[in-house]
file data31.cif (mmCIF, C-alpha atoms and all ligand atoms)
data_input
#
loop_
_atom_site.label_atom_id
_atom_site.label_comp_id
_atom_site.auth_asym_id
_atom_site.auth_seq_id
_atom_site.Cartn_x
_atom_site.Cartn_y
_atom_site.Cartn_z
CA MET Y 1 19.19 20.26 -148.25
CA SER Y 2 19.33 17.32 -145.88
CA ALA Y 3 21.48 17.18 -142.76
CA ILE Y 4 23.82 14.85 -144.65
CA ASP Y 5 24.49 17.43 -147.36
CA ILE Y 6 25.59 20.13 -144.90
CA SER Y 7 27.90 17.89 -142.91
CA GLN Y 8 31.60 18.61 -142.72
CA CYS Y 9 34.24 16.49 -144.40
CA SER Y 10 35.50 13.92 -141.86
CA ARG Y 11 39.08 14.64 -142.95
CA CYS Y 12 39.44 18.39 -143.51
CA ARG Y 13 36.19 19.91 -142.16
CA LYS Y 14 35.24 21.58 -145.47
CA PRO Y 15 31.58 21.16 -146.53
CA ALA Y 16 30.93 17.54 -147.48
CA ILE Y 17 29.46 16.49 -150.84
CA LEU Y 18 29.09 12.79 -150.11
CA TYR Y 19 28.33 10.50 -147.21
CA GLN Y 20 29.81 7.02 -147.29
CA GLU Y 21 27.24 4.99 -145.42
CA TYR Y 22 29.40 1.84 -145.28
CA SER Y 23 32.30 3.64 -143.55
CA GLY Y 24 30.48 6.46 -141.74
CA GLN Y 25 32.78 9.03 -143.41
CA HIS Y 26 31.82 12.35 -144.99
CA TYR Y 27 33.86 13.63 -147.94
CA CYS Y 28 34.42 17.05 -149.48
CA SER Y 29 35.21 17.04 -153.20
CA SER Y 30 39.03 17.19 -152.87
CA CYS Y 31 39.17 14.47 -150.22
CA LEU Y 32 36.84 12.30 -152.30
CA ILE Y 33 39.07 12.64 -155.37
CA ARG Y 34 42.10 11.72 -153.28
CA SER Y 35 40.33 8.76 -151.68
CA VAL Y 36 38.96 7.40 -154.98
CA ARG Y 37 42.38 7.67 -156.62
CA LYS Y 38 44.05 5.98 -153.67
CA ARG Y 39 41.69 3.00 -153.83
CA ILE Y 40 41.99 2.70 -157.62
CA GLY Y 41 45.79 3.04 -157.47
CA LYS Y 42 46.01 0.26 -154.87
CA GLU Y 43 43.83 -2.05 -156.96
CA LEU Y 44 45.68 -1.20 -160.17
CA ARG Y 45 49.00 -2.19 -158.59
CA LYS Y 46 47.50 -5.57 -157.74
CA GLN Y 47 45.88 -6.20 -161.11
CA LEU Y 48 48.35 -4.71 -163.60
CA ILE Y 49 51.64 -6.59 -163.55
CA LEU Y 50 54.16 -4.69 -165.65
CA PRO Y 51 57.37 -6.30 -166.87
CA LYS Y 52 60.48 -5.29 -164.92
CA GLY Y 53 64.12 -4.99 -165.94
CA GLU Y 54 66.16 -2.96 -168.40
CA ASN Y 55 64.81 -4.53 -171.58
CA LYS Y 56 61.19 -4.45 -170.50
CA GLU Y 57 58.77 -4.40 -173.38
CA SER Y 58 56.07 -1.84 -173.75
CA THR Y 59 52.65 -2.82 -172.37
CA THR Y 60 49.51 -1.79 -174.25
CA ILE Y 61 46.30 -1.41 -172.29
CA MET Y 62 43.06 -1.10 -174.18
CA VAL Y 63 40.60 0.85 -172.09
CA ALA Y 64 37.06 -0.16 -173.03
CA VAL Y 65 35.09 3.08 -173.15
CA SER Y 66 31.41 3.70 -173.72
CA GLY Y 67 30.98 7.42 -173.02
CA GLY Y 68 29.38 6.71 -169.65
CA LYS Y 69 30.71 7.89 -166.28
CA ASP Y 70 32.35 4.60 -165.29
CA SER Y 71 34.63 4.28 -168.29
CA ALA Y 72 35.30 8.05 -168.17
CA VAL Y 73 36.60 7.67 -164.61
CA LEU Y 74 38.54 4.55 -165.59
CA LEU Y 75 40.24 6.34 -168.50
CA GLU Y 76 41.02 9.45 -166.45
CA THR Y 77 42.45 7.54 -163.50
CA LEU Y 78 44.53 5.17 -165.65
CA HIS Y 79 45.91 8.21 -167.43
CA HIS Y 80 46.58 9.85 -164.05
CA PHE Y 81 48.60 6.86 -162.81
CA LEU Y 82 50.33 5.83 -166.02
CA LYS Y 83 50.89 9.00 -168.04
CA ASN Y 84 54.56 9.26 -167.12
CA ARG Y 85 55.38 5.64 -167.84
CA LYS Y 86 57.19 5.33 -171.16
CA ASP Y 87 56.64 1.57 -171.12
CA VAL Y 88 52.84 1.76 -171.02
CA LYS Y 89 50.52 2.76 -173.83
CA LEU Y 90 46.83 3.45 -173.26
CA ILE Y 91 44.34 3.23 -176.15
CA ALA Y 92 40.61 3.88 -175.77
CA GLY Y 93 38.42 1.35 -177.59
CA CYS Y 94 34.70 1.83 -178.16
CA VAL Y 95 32.11 -0.51 -179.66
CA ASN Y 96 29.16 1.05 -181.48
CA GLU Y 97 26.05 -1.07 -180.93
CA GLY Y 98 23.90 0.90 -183.37
CA ILE Y 99 21.34 2.31 -180.93
CA GLU Y 100 19.65 5.42 -182.24
CA GLY Y 101 19.85 8.50 -180.03
CA TYR Y 102 22.01 6.78 -177.43
CA ARG Y 103 25.30 5.62 -178.85
CA LYS Y 104 26.24 8.64 -180.96
CA PRO Y 105 26.24 11.24 -178.15
CA SER Y 106 27.94 8.83 -175.77
CA MET Y 107 30.65 8.00 -178.30
CA GLU Y 108 31.25 11.69 -178.80
CA CYS Y 109 31.81 12.08 -175.03
CA ALA Y 110 34.22 9.14 -175.01
CA GLU Y 111 36.19 10.52 -177.93
CA LYS Y 112 36.26 14.00 -176.43
CA LEU Y 113 37.70 12.72 -173.16
CA ALA Y 114 40.30 10.60 -174.99
CA ASN Y 115 41.31 13.66 -177.05
CA ASN Y 116 41.50 15.86 -173.93
CA LEU Y 117 43.85 13.35 -172.35
CA GLY Y 118 45.87 12.82 -175.55
CA ILE Y 119 44.86 9.16 -175.81
CA GLU Y 120 44.27 7.45 -179.15
CA PHE Y 121 40.61 6.53 -179.74
CA LYS Y 122 39.42 3.59 -181.88
CA SER Y 123 35.96 2.27 -182.50
CA LEU Y 124 34.11 -0.37 -184.49
CA SER Y 125 30.45 -1.14 -185.07
CA TYR Y 126 28.34 -4.29 -184.79
CA LYS Y 127 27.69 -3.96 -188.53
CA SER Y 128 31.42 -4.08 -189.33
CA LEU Y 129 31.58 -7.35 -187.37
CA GLY Y 130 28.86 -8.87 -189.57
CA PHE Y 131 26.08 -8.49 -186.99
CA ASP Y 132 23.28 -5.97 -187.26
CA ASP Y 133 22.57 -2.70 -185.43
CA MET Y 134 20.98 -3.44 -182.05
CA ASP Y 135 17.88 -1.45 -183.00
CA ASN Y 136 17.28 -3.91 -185.88
CA VAL Y 137 18.08 -6.93 -183.71
CA VAL Y 138 15.43 -5.78 -181.21
CA LYS Y 139 12.88 -5.47 -184.04
CA VAL Y 140 13.44 -9.01 -185.34
CA MET Y 141 13.80 -10.74 -181.96
CA PRO Y 142 10.10 -11.72 -181.70
CA LYS Y 143 10.30 -13.39 -185.14
CA ILE Y 144 13.55 -15.18 -184.31
CA SER Y 145 12.12 -16.45 -181.05
CA LYS Y 146 9.21 -18.07 -182.89
CA LYS Y 147 11.70 -20.27 -184.76
CA ASN Y 148 14.18 -20.81 -181.92
CA GLU Y 149 13.02 -21.95 -178.54
CA GLU Y 150 16.30 -20.74 -176.97
CA VAL Y 151 15.58 -17.11 -177.85
CA LYS Y 152 12.30 -17.01 -175.91
CA GLY Y 153 12.81 -15.04 -172.73
CA MET Y 154 16.08 -13.51 -173.96
CA SER Y 155 16.50 -9.77 -173.58
CA PRO Y 156 18.22 -7.52 -176.16
CA CYS Y 157 21.15 -7.40 -173.75
CA SER Y 158 21.70 -11.14 -174.20
CA PHE Y 159 22.53 -10.46 -177.86
CA CYS Y 160 24.25 -7.16 -177.20
CA GLY Y 161 26.55 -8.56 -174.52
CA VAL Y 162 27.73 -11.37 -176.81
CA PHE Y 163 28.29 -9.02 -179.78
CA ARG Y 164 30.08 -6.48 -177.62
CA ARG Y 165 32.47 -9.10 -176.26
CA LYS Y 166 33.30 -10.00 -179.84
CA GLY Y 167 33.86 -6.32 -180.68
CA ILE Y 168 36.12 -5.79 -177.67
CA ASN Y 169 38.16 -8.88 -178.57
CA LYS Y 170 38.55 -7.66 -182.17
CA LEU Y 171 39.65 -4.18 -181.06
CA ALA Y 172 42.04 -5.67 -178.51
CA SER Y 173 43.65 -7.95 -181.08
CA GLU Y 174 43.94 -5.10 -183.62
CA MET Y 175 45.75 -3.05 -180.97
CA ASN Y 176 47.87 -6.00 -179.79
CA ALA Y 177 46.61 -5.20 -176.32
CA ASP Y 178 48.29 -6.92 -173.37
CA TYR Y 179 45.44 -5.98 -171.04
CA VAL Y 180 41.85 -4.84 -171.50
CA ALA Y 181 40.52 -2.55 -168.75
CA PHE Y 182 36.80 -2.35 -167.99
CA GLY Y 183 35.02 0.32 -165.96
CA HIS Y 184 32.91 -1.99 -163.80
CA ASN Y 185 32.14 -0.20 -160.54
CA LEU Y 186 31.35 -1.84 -157.19
CA ASP Y 187 27.61 -1.93 -157.84
CA ASP Y 188 28.11 -3.62 -161.25
CA MET Y 189 30.47 -6.18 -159.77
CA ALA Y 190 28.17 -6.99 -156.84
CA GLN Y 191 25.22 -7.43 -159.23
CA THR Y 192 27.26 -9.77 -161.44
CA VAL Y 193 28.41 -11.83 -158.45
CA LEU Y 194 24.81 -12.18 -157.29
CA MET Y 195 23.61 -13.15 -160.79
CA ASN Y 196 26.31 -15.83 -161.10
CA LEU Y 197 25.61 -17.23 -157.64
CA GLN Y 198 21.88 -17.21 -158.25
CA LYS Y 199 22.38 -19.29 -161.40
CA GLY Y 200 24.77 -21.58 -159.56
CA ASP Y 201 27.27 -20.74 -162.28
CA LEU Y 202 30.56 -21.49 -160.59
CA GLU Y 203 32.51 -21.37 -163.81
CA ARG Y 204 31.46 -17.78 -164.43
CA THR Y 205 32.34 -16.89 -160.85
CA ILE Y 206 35.80 -18.28 -161.43
CA ARG Y 207 36.21 -16.54 -164.79
CA LEU Y 208 35.05 -13.17 -163.48
CA ALA Y 209 37.60 -10.36 -164.02
CA PRO Y 210 40.22 -9.47 -162.87
CA HIS Y 211 42.09 -12.13 -164.81
CA THR Y 212 45.56 -11.13 -163.63
CA TRP Y 213 46.10 -14.44 -161.81
CA ALA Y 214 43.89 -16.49 -164.10
CA PRO Y 215 44.47 -15.53 -167.73
CA ILE Y 216 42.17 -17.16 -170.25
CA LYS Y 217 43.94 -18.81 -173.19
CA GLY Y 218 44.04 -16.59 -176.30
CA MET Y 219 42.60 -13.54 -174.57
CA ALA Y 220 44.25 -10.40 -173.19
CA PRO Y 221 43.61 -10.47 -169.41
CA ARG Y 222 40.73 -8.27 -168.27
CA ILE Y 223 41.38 -5.88 -165.41
CA VAL Y 224 38.78 -3.93 -163.45
CA PRO Y 225 40.67 -1.26 -161.47
CA ILE Y 226 37.60 0.71 -160.31
CA ARG Y 227 35.78 -2.36 -158.99
CA TRP Y 228 35.80 -1.20 -155.34
CA ILE Y 229 34.34 2.26 -156.09
CA PRO Y 230 30.56 2.52 -155.60
CA GLU Y 231 28.56 4.00 -158.47
CA GLN Y 232 27.63 7.10 -156.46
CA GLU Y 233 31.31 7.89 -155.82
CA VAL Y 234 32.19 7.30 -159.47
CA GLN Y 235 29.49 9.80 -160.44
CA ALA Y 236 30.66 12.36 -157.87
CA TYR Y 237 34.27 11.96 -159.06
CA ALA Y 238 33.32 12.42 -162.74
CA MET Y 239 31.20 15.47 -161.95
CA THR Y 240 33.79 17.10 -159.67
CA LEU Y 241 36.44 16.81 -162.38
CA ASP Y 242 33.93 17.84 -165.05
CA LEU Y 243 34.70 14.81 -167.20
CA PRO Y 244 32.59 14.62 -170.36
CA PHE Y 245 30.15 11.71 -170.00
CA HIS Y 246 26.72 10.74 -171.25
CA ASP Y 247 24.20 9.95 -168.55
CA ASP Y 248 21.22 8.53 -170.47
CA GLU Y 249 20.17 4.92 -170.18
CA CYS Y 250 20.06 2.69 -173.23
CA PRO Y 251 16.44 2.49 -174.48
CA HIS Y 252 16.62 -1.34 -174.40
CA SER Y 253 18.00 -1.61 -170.87
CA HIS Y 254 14.60 -1.92 -169.15
CA GLN Y 255 14.36 -5.48 -170.44
CA ALA Y 256 17.60 -6.52 -168.77
CA LEU Y 257 17.66 -9.02 -165.94
CA ARG Y 258 20.35 -6.83 -164.40
CA ILE Y 259 17.73 -4.20 -163.48
CA LEU Y 260 16.23 -6.66 -161.00
CA HIS Y 261 19.64 -7.37 -159.48
CA ARG Y 262 20.40 -3.67 -159.33
CA ASP Y 263 17.29 -3.12 -157.19
CA ILE Y 264 18.00 -6.13 -154.98
CA VAL Y 265 21.64 -5.13 -154.36
CA ALA Y 266 20.58 -1.53 -153.64
CA LYS Y 267 17.98 -2.72 -151.10
CA MET Y 268 20.48 -5.06 -149.44
CA GLU Y 269 23.06 -2.26 -149.26
CA ASP Y 270 20.48 0.06 -147.70
CA ALA Y 271 19.60 -2.51 -145.07
CA VAL Y 272 23.17 -3.65 -144.43
CA PRO Y 273 25.80 -1.12 -145.58
CA GLY Y 274 28.85 -2.96 -146.88
CA THR Y 275 26.85 -5.66 -148.68
CA ARG Y 276 28.37 -4.82 -152.08
CA HIS Y 277 31.90 -5.15 -150.73
CA GLY Y 278 30.89 -8.41 -149.07
CA LEU Y 279 29.54 -9.89 -152.29
CA VAL Y 280 32.69 -9.07 -154.26
CA HIS Y 281 34.93 -10.33 -151.45
CA SER Y 282 32.89 -13.56 -151.40
CA SER Y 283 33.51 -14.05 -155.10
CA ASP Y 284 37.25 -13.50 -154.62
CA SER Y 285 37.26 -16.00 -151.75
CA ILE Y 286 35.42 -18.60 -153.83
CA LYS Y 287 38.03 -18.22 -156.57
CA GLU Y 288 40.87 -18.66 -154.09
CA MET Y 289 39.27 -21.59 -152.29
CA PHE Y 290 38.49 -23.33 -155.53
CA ALA Y 291 42.08 -23.07 -156.63
CA LYS Y 292 43.36 -24.31 -153.27
CA ASN Y 293 40.97 -27.25 -152.96
CA ASN Y 294 41.67 -28.42 -156.47
CA ASN Y 295 45.37 -27.97 -155.93
CA GLN Y 296 45.53 -26.14 -159.25
CA GLN Y 297 46.17 -22.64 -160.40
CA LEU Y 298 43.15 -20.52 -161.27
CA SER Y 299 44.53 -20.27 -164.78
CA ASP Y 300 44.12 -24.05 -165.24
CA LEU Y 301 40.55 -23.84 -164.04
CA SER Y 302 39.59 -20.95 -166.22
CA ASN Y 303 41.16 -22.57 -169.28
CA LYS Y 304 39.57 -25.95 -168.68
CA SER Y 305 36.79 -25.41 -171.15
CA ALA Y 306 38.49 -23.08 -173.62
CA ASN Y 307 38.20 -24.31 -177.25
CA ASN Y 308 38.38 -22.44 -180.53
CA CYS Y 309 35.05 -21.83 -182.28
CA GLU Y 310 34.74 -23.99 -185.41
CA LYS Y 311 33.40 -21.03 -187.38
CA CYS Y 312 35.40 -18.00 -186.27
CA GLY Y 313 38.25 -19.35 -184.14
CA GLU Y 314 37.28 -17.32 -181.08
CA ILE Y 315 37.80 -18.85 -177.62
CA THR Y 316 34.60 -20.55 -176.44
CA SER Y 317 33.48 -23.28 -174.07
CA GLN Y 318 31.29 -24.81 -176.85
CA GLU Y 319 32.10 -26.08 -180.35
CA ILE Y 320 30.53 -23.01 -181.95
CA CYS Y 321 30.64 -19.72 -180.10
CA LYS Y 322 27.52 -17.87 -179.01
CA ALA Y 323 28.20 -14.97 -181.38
CA CYS Y 324 28.28 -17.31 -184.41
CA ILE Y 325 25.07 -19.03 -183.25
CA MET Y 326 23.34 -15.66 -182.84
CA LYS Y 327 24.65 -14.42 -186.17
CA LYS Y 328 23.13 -17.51 -187.83
CA TRP Y 329 19.75 -16.81 -186.19
CA LEU Y 330 19.84 -13.31 -187.64
CA VAL Y 331 20.94 -14.44 -191.12
CA ASP Y 332 18.39 -17.30 -191.22
CA HIS Y 333 15.68 -14.86 -190.38
CA SER Y 334 16.46 -12.37 -193.15
S1 LIG Q 401 21.54 -1.94 -172.06
FE1 LIG Q 401 21.58 -3.90 -173.15
S2 LIG Q 401 21.04 -3.39 -175.28
FE2 LIG Q 401 21.61 -1.47 -174.26
S3 LIG Q 401 23.78 -1.18 -174.72
FE3 LIG Q 401 23.65 -2.24 -172.73
S4 LIG Q 401 23.75 -4.43 -173.24
FE4 LIG Q 401 23.27 -3.32 -175.14
ZN ZN Q 402 37.96 17.15 -147.12
ZN ZN Q 403 32.43 -18.17 -183.55
#
call {"tool": "encode", "arguments": {"input": "data31.cif", "output": "structure tokens", "more": "lines below"}}
Ligand code: SF4
Ligand SMILES: [Zn+2]
Ligand SMILES: [Zn+2]
result
Amino acid sequence: MSAIDISQCSRCRKPAILYQEYSGQHYCSSCLIRSVRKRIGKELRKQLILPKGENKESTTIMVAVSGGKDSAVLLETLHHFLKNRKDVKLIAGCVNEGIEGYRKPSMECAEKLANNLGIEFKSLSYKSLGFDDMDNVVKVMPKISKKNEEVKGMSPCSFCGVFRRKGINKLASEMNADYVAFGHNLDDMAQTVLMNLQKGDLERTIRLAPHTWAPIKGMAPRIVPIRWIPEQEVQAYAMTLDLPFHDDECPHSHQALRILHRDIVAKMEDAVPGTRHGLVHSSDSIKEMFAKNNNQQLSDLSNKSANNCEKCGEITSQEICKACIMKKWLVDHS
């Protein structure tokens, strides 16, 4: 055991289980749970605006779950904060990508947690959306890329991300969801901010969740209540509470560009603790500044390029959405 592991909790002097480099604080398991909940609760109050008044309507939140630790912590904490509210309904929604050996056990974990918490669980597969299982997509990608220049250099995640978004939107509309909650932790968010900045993609920076103040036309606003919790703390929280979650990596993830950004962000955080918070704060500041300088609301900016796809009607910045283009590549190939 290292010296860090045998340190005392900075708050109650019990043995610590985690050292927070960016704050210099040690945490025992109970103080960590309290601290994580406090930060998530604070963020949730900012992002989730519930109707007030006597005749307030019920609000449905779809919690996007995958069976991994992040969405397990998201589901458990949302349940913790909202379980006594009669005007809020939580539903867990899971998209099955069709990845052998990976998705089935993780979906079982997600369903088990939802059942334990008494939350309804719904799922749909890529196949039911008219796409193909990801395992098959990965097999045909080299052939598709020979015919389509655009596909060269794409990773399986480029397809998977587009299909999953479609699946989440379908589930959310079936549930009449008012909000969709995602379990992006601080590391995920910092990586995304860096990726968007690196590409010079200001529009994506502006459209990044939370959407509370900048709803996108035709889409339930996305909220990300655990966005300030580092991955390590999410893991410690899930393990301390013994939440069922699946810890394996997707077999196609090694091809993702995100892996590179994960390493870069981790190195930057090591060298300068607090980097992840700084990146996410920067993105928030850019959003605010952009709105101020343009003398517009963020909602106007994020809706600027929102059309309906000519094929499926989904909101897109192009004439035909990416999912329909990708579906055509797959159909043309077969
Ligand atoms: S790692 Fe990529 S291919 Fe695997 S589930 Fe995630 S997005 Fe899909
Ligand atoms: Zn303590
Ligand atoms: Zn479409």
call {"tool": "residues_near_ligand", "arguments": {"input": "data31.cif", "ligand": "ligand LIG 401 (chain Q)", "cutoff": "7 Å", "atoms": "all atoms listed in the file", "output": "ChimeraX atom specification"}}
result
/Y:97,134,156-157,160-161,250-253,256
call {"tool": "residues_near_ligand", "arguments": {"input": "data31.cif", "ligand": "ligand ZN 402 (chain Q)", "cutoff": "8 Å", "atoms": "all atoms listed in the file", "output": "tab-separated table (two decimals) with C-alpha atoms, keeping the file's coordinate frame"}}
result
chain	number	residue	atom	x	y	z
Y	8	GLN	CA	31.60	18.61	-142.72
Y	9	CYS	CA	34.24	16.49	-144.40
Y	10	SER	CA	35.50	13.92	-141.86
Y	11	ARG	CA	39.08	14.64	-142.95
Y	12	CYS	CA	39.44	18.39	-143.51
Y	13	ARG	CA	36.19	19.91	-142.16
Y	14	LYS	CA	35.24	21.58	-145.47
Y	15	PRO	CA	31.58	21.16	-146.53
Y	16	ALA	CA	30.93	17.54	-147.48
Y	27	TYR	CA	33.86	13.63	-147.94
Y	28	CYS	CA	34.42	17.05	-149.48
Y	29	SER	CA	35.21	17.04	-153.20
Y	30	SER	CA	39.03	17.19	-152.87
Y	31	CYS	CA	39.17	14.47	-150.22
Y	32	LEU	CA	36.84	12.30	-152.30
call {"tool": "closest_residue", "arguments": {"input": "data31.cif", "among": "Y:Ala323, Y:Ile61, Y:Val137, Y:Ala72", "to": "Met107 of chain Y", "atoms": "all atoms listed in the file"}}
result
Y:Ala72
call {"tool": "closest_residue", "arguments": {"input": "data31.cif", "among": "Y:Arg165, Y:Lys217, Y:His184, Y:Arg258", "to": "ligand ZN 403 (chain Q)", "atoms": "all atoms listed in the file"}}
result
Y:Arg165
call {"tool": "residues_near_point", "arguments": {"input": "data31.cif", "point": "(33.3, -18.1, -178.9)", "cutoff": "8 Å", "atoms": "only C-alpha atoms", "output": "ChimeraX atom specification"}}
result
/Y:308-309,312-318,320-324
call {"tool": "closest_atom_pairs", "arguments": {"input": "data31.cif", "of": "segment 79-121 of chain Y", "to": "segment 36-45 of chain Y", "cutoff": "12 Å", "atoms": "all atoms listed in the file", "output": "CSV"}}
result
residue,atom,partner,partner_atom,distance
Y:His79,CA,Y:Gly41,CA,11.2
Y:His80,CA,Y:Arg37,CA,8.8
Y:Phe81,CA,Y:Gly41,CA,7.1
Y:Leu82,CA,Y:Gly41,CA,10.1
call {"tool": "closest_residue", "arguments": {"input": "data31.cif", "among": "Y:Glu174, Y:Asp270, Y:Glu150, Y:Asp133", "to": "Arg103 of chain Y", "atoms": "all atoms listed in the file"}}
result
Y:Asp133
call {"tool": "closest_residue", "arguments": {"input": "data31.cif", "among": "Y:Leu117, Y:Val73, Y:Val65, Y:Ala172", "to": "Ile226 of chain Y", "atoms": "all atoms listed in the file"}}
result
Y:Val73
call {"tool": "closest_residue", "arguments": {"input": "data31.cif", "among": "Y:Tyr22, Y:Tyr102, Y:Phe290, Y:Phe163", "to": "ligand ZN 403 (chain Q)", "atoms": "only C-alpha atoms and all ligand atoms"}}
result
Y:Phe163
call {"tool": "residues_near_point", "arguments": {"input": "data31.cif", "point": "(38.8, -10.1, -169.7)", "cutoff": "6 Å", "atoms": "all atoms listed in the file", "output": "MDAnalysis selection string"}}
result
chainID Y and resid 209 221:222
call {"tool": "residues_around", "arguments": {"input": "data31.cif", "residues": "Met268 of chain Y", "least_positions_apart": "3", "cutoff": "12 Å", "atoms": "only C-alpha atoms", "output": "number ranges by chain"}}
result
Y: 187, 190-191, 194, 261-265, 271-279
call {"tool": "residues_around", "arguments": {"input": "data31.cif", "residues": "Asn116 of chain Y", "least_positions_apart": "2", "cutoff": "12 Å", "atoms": "only C-alpha atoms", "output": "PyMOL selection string"}}
result
chain Y and resi 72+75-76+79+109-114+118-121+242-244
call {"tool": "closest_residue", "arguments": {"input": "data31.cif", "among": "Y:Thr60, Y:Gln47, Y:Ser106, Y:Thr77", "to": "Ala214 of chain Y", "atoms": "only C-alpha atoms"}}
result
Y:Gln47
